[in-house]
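Take a look at the structure below.
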Amino acid sequence: MAPRTTRPVGTATRGTTNPNRLRRMDRWIAAVHGPALRRAERAPVAVDLGYGAAPWTAVELLARLRTADPRVRVVGVEIDPERVAAAGPYEREGLRFAHGGFEVPVDGRPALIRAANVLRQYEEDEVAAVWARLCGRLAPDGLLVEGTCDEVGRRHVWVALGPEGPRTVTFATRLGSLERPSDLAERLPKALIHRNVPGEPVHAFLRDFDRAWAAAAPYASLGARQRWIAAAGALAGDWPLVDGRRRWRQGEVTVRWEALAPVLS
């Protein structure tokens with residue numbers, strides 16, 4: 001059983017949500033974490049933590065993850081009981097909603113916890129403890145994905161964590177809307193957004209990405225996708241990217257967490 005507390009852990013956030021907002025994150029999860037879901041002996045449970053004022057993101061998560069494993073079940077967790085009640089009519093086979101917070105009130109250990117646009121509304125010094133708590137709830141092969149996107153999901157940055165802690169950072173965008181890669185800085189997750197200053201690794205990464213993007217300008221005549229692929233290929237010479245052309249074509253670049261981790265104060 002999941003650990004129980006007298007009241008949910010955390011505080012209510014604004015709850016802003018829009019249909020299809022998290023499509024980039026969901027598709028990445030299905031592609032990258034799909035093999036781990038399929039390896040699970042029992043039907044894997046995914047948690048949409050802090051889904052907001054409307055249940056669209058949980059409904060969509062179920063549909064997208066079932067392209068990776070038809071057994072997946074999704075639990076939408078919200079700290080506001082009125083939001084849980086409002087989501088009730090959307091429950092169906094494989095989808096339910098629960099009142100709770102960072103204690104993650106589900107039986108057993110989930111294969112996935114997705115927390116999108118939740119910690120953005122907390123203080124930076126609270127992030128490490130929340131990460132540790134959520135990672136402690138994961139199944140041994142589980143994944144926590146925590147990040148931020150704009151209101152319509154054109155720009156998104158997320159951290160992927162396993163039970164041991166942070167693994168990677170992914171930058172994802174609709175390429176037609178991008179002027180330069182550093183435009184994604186405004187969507188950095190809470191652990192990194194205040195670190196985009198000289199002397200911090202994430203600042204250096206975005207600087208180098210912009211330089212690679214500028215150098216790839218001749219590819220613009222072939223389209224933004226080809227320019228992004230060329231820039232990512234150049235970036236991989238200096239930074240530990242963990243993906244390749246197949247993901248770059250989706251407007252993504254994923255780098256190892258330790259390369260961008262904040263410098264300790």
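Going by the structure tokens order, chains are called A, B, ..., each with residues numbered from 1, while ligands are numbered from 1 in the order shown.
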
Notebook entry, point to check: Quick one: residues within 9 Å of Gly147 (chain A), only C-alpha atoms counted, chain neighbours fewer than 5 positions away excluded, as a PyMOL selection string?
Noted result: chain A and resi 25+114-120+156-160+187-190

Margin query: What's around Ala63 (chain A) at 12 Å? Count only C-alpha atoms, leave out sequence neighbours fewer than 3 positions away in its own chain, and write the answer as a PyMOL selection string.
Written below: chain A and resi 20+23+26-27+30+46+56-60+66-74+92-95

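The shell of residues at most 10 Å from Arg249 (chain A), with only C-alpha atoms counted and near chain neighbours (fewer than 5 positions) removed, consists of Leu175, Ala224, Arg225, Gln226, Trp228, Ile229 and Gly244 of chain A.
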
Checklist line | Closest of A:Val145, A:Ala36, A:Val77, A:Ala87 to Gly101 (chain A) - atom-to-atom distances counting only C-alpha atoms | finding: A:Val77

Margin query: Give me, as a PyMOL selection string, all polymer residues having an atom no more than 12 Å from Gly108 (chain A), counting only C-alpha atoms and skipping those fewer than 6 positions away in the same chain.
Written below: chain A and resi 1-3+42-47+136-140+142

Note to self: If DSSP is run on the backbone, what residues of region 85-248 of chain A are strand (DSSP E or B)? A reply as JSON, numbers by chain would be ideal.
What the structure shows: {"A": [92, 95, 96, 97, 98, 99, 112, 113, 114, 115, 116, 143, 144, 145, 146, 147, 148, 149, 155, 156, 157, 158, 159, 160, 161, 162, 165, 166, 167, 168, 169, 170, 171, 172, 173, 241]}

Go ahead and dump the residues you just picked, C-alpha atoms, as a compact mmCIF listing (two decimals), in the first residue's frame.
# COMPACT_ATOMS: atom_id res chain seq x y z
CA ARG A 92 -13.11 4.81 -17.32
CA LEU A 95 -8.30 5.69 -15.52
CA ARG A 96 -9.25 6.95 -12.08
CA PHE A 97 -8.69 10.07 -10.00
CA ALA A 98 -7.51 10.40 -6.40
CA HIS A 99 -7.13 13.13 -3.78
CA LEU A 112 5.77 6.43 -13.90
CA ILE A 113 5.08 9.70 -12.12
CA ARG A 114 4.61 12.72 -14.35
CA ALA A 115 4.59 16.11 -12.61
CA ALA A 116 4.21 18.84 -15.22
CA LEU A 143 10.60 7.00 -13.98
CA LEU A 144 9.75 10.46 -12.66
CA VAL A 145 9.35 13.17 -15.30
CA GLU A 146 9.17 16.71 -13.94
CA GLY A 147 9.15 19.83 -16.04
CA THR A 148 7.50 22.92 -17.42
CA CYS A 149 5.89 23.96 -20.70
CA ARG A 155 8.10 24.72 -25.69
CA HIS A 156 8.92 22.31 -22.94
CA VAL A 157 11.89 21.33 -20.76
CA TRP A 158 11.82 18.38 -18.37
CA VAL A 159 14.06 16.37 -16.07
CA ALA A 160 13.85 12.56 -16.07
CA LEU A 161 14.68 10.85 -12.77
CA GLY A 162 14.94 7.24 -11.66
CA GLY A 165 17.85 10.54 -8.77
CA PRO A 166 18.09 12.78 -11.85
CA ARG A 167 19.29 11.29 -15.13
CA THR A 168 18.65 13.61 -18.05
CA VAL A 169 17.24 16.96 -19.17
CA THR A 170 15.19 17.18 -22.37
CA PHE A 171 14.57 20.32 -24.41
CA ALA A 172 11.58 19.99 -26.77
CA THR A 173 9.92 22.47 -29.07
CA LEU A 241 23.69 14.07 -25.54

Check: Which is closest to Leu264 (chain A) among A:Glu151, A:Ala216, A:Gly199, A:Arg21, if we use only C-alpha atoms?
Finding: A:Gly199

Item checked: Atom pair CA of Arg39 (chain A) / CA of Cys135 (chain A): separation (Å) ->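 For CA of Arg39 (chain A) relative to CA of Cys135 (chain A), the distance reads 19.2 Å.
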
Margin query: Residues near Val263 (chain A), anyone? I mean within 12 Å using only C-alpha atoms, not counting same-chain ones fewer than 3 positions away, as a ChimeraX atom specification.
Written below: /A:191-192,194-203,258-260

Next item on the list: Point out the residue among A:Ala31, A:Ala40, A:Leu22, A:Ile79 with the least atom-to-atom distance to Pro8 (chain A), counting only C-alpha atoms.
Entry: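 Looking at the shortest contact to Pro8 (chain A), the residue is A:Ile79.
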
Margin query: I need the residue nearest Gly233 (chain A) from this list: A:Gly10, A:Leu61, A:Val253, A:Ala217. Use only C-alpha atoms for the distance.
Written below: A:Val253

Next item on the list: Check region 74-189 of chain A with DSSP on the backbone and list each residue it calls alpha helix (DSSP H), as a PyMOL selection string.
Entry: chain A and resi 81-87+127-135

Take the selection from the previous step and output its residues with N, CA and C atoms, as a short mmCIF file (atom, residue, chain, number, x, y, z; two decimals), in the first residue's frame.
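And here's result.cif as it stands now:
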data_model
loop_
_atom_site.label_atom_id
_atom_site.label_comp_id
_atom_site.auth_asym_id
_atom_site.auth_seq_id
_atom_site.Cartn_x
_atom_site.Cartn_y
_atom_site.Cartn_z
N PRO A 81 -9.61 18.77 -3.57
CA PRO A 81 -10.67 17.76 -3.67
C PRO A 81 -11.78 18.14 -4.65
N GLU A 82 -12.01 19.43 -4.87
CA GLU A 82 -13.03 19.83 -5.84
C GLU A 82 -12.62 19.44 -7.26
N ARG A 83 -11.33 19.49 -7.56
CA ARG A 83 -10.86 19.08 -8.88
C ARG A 83 -11.01 17.57 -9.06
N VAL A 84 -10.80 16.83 -7.99
CA VAL A 84 -10.97 15.38 -8.06
C VAL A 84 -12.43 15.04 -8.33
N ALA A 85 -13.33 15.71 -7.62
CA ALA A 85 -14.75 15.47 -7.83
C ALA A 85 -15.18 15.82 -9.25
N ALA A 86 -14.66 16.93 -9.78
CA ALA A 86 -15.02 17.35 -11.13
C ALA A 86 -14.52 16.38 -12.19
N ALA A 87 -13.43 15.67 -11.88
CA ALA A 87 -12.86 14.72 -12.84
C ALA A 87 -13.59 13.38 -12.83
N VAL A 127 12.79 21.87 -4.18
CA VAL A 127 12.77 20.88 -5.26
C VAL A 127 13.45 19.58 -4.87
N ALA A 128 14.63 19.63 -4.28
CA ALA A 128 15.39 18.41 -4.00
C ALA A 128 14.60 17.46 -3.09
N ALA A 129 13.93 18.00 -2.08
CA ALA A 129 13.18 17.16 -1.16
C ALA A 129 11.98 16.53 -1.87
N VAL A 130 11.32 17.29 -2.74
CA VAL A 130 10.18 16.73 -3.48
C VAL A 130 10.66 15.64 -4.43
N TRP A 131 11.74 15.91 -5.14
CA TRP A 131 12.30 14.88 -6.03
C TRP A 131 12.59 13.60 -5.25
N ALA A 132 13.26 13.74 -4.11
CA ALA A 132 13.63 12.56 -3.33
C ALA A 132 12.38 11.80 -2.88
N ARG A 133 11.37 12.53 -2.46
CA ARG A 133 10.14 11.87 -2.00
C ARG A 133 9.47 11.11 -3.14
N LEU A 134 9.36 11.75 -4.31
CA LEU A 134 8.71 11.11 -5.44
C LEU A 134 9.53 9.94 -5.97
N CYS A 135 10.83 10.11 -6.05
CA CYS A 135 11.69 9.00 -6.52
C CYS A 135 11.60 7.81 -5.57
#

Notebook entry, point to check: In Å to one decimal, how far is CA of Glu91 (chain A) from CA of Val106 (chain A)?
Noted result: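 So the answer is 15.6 Å.
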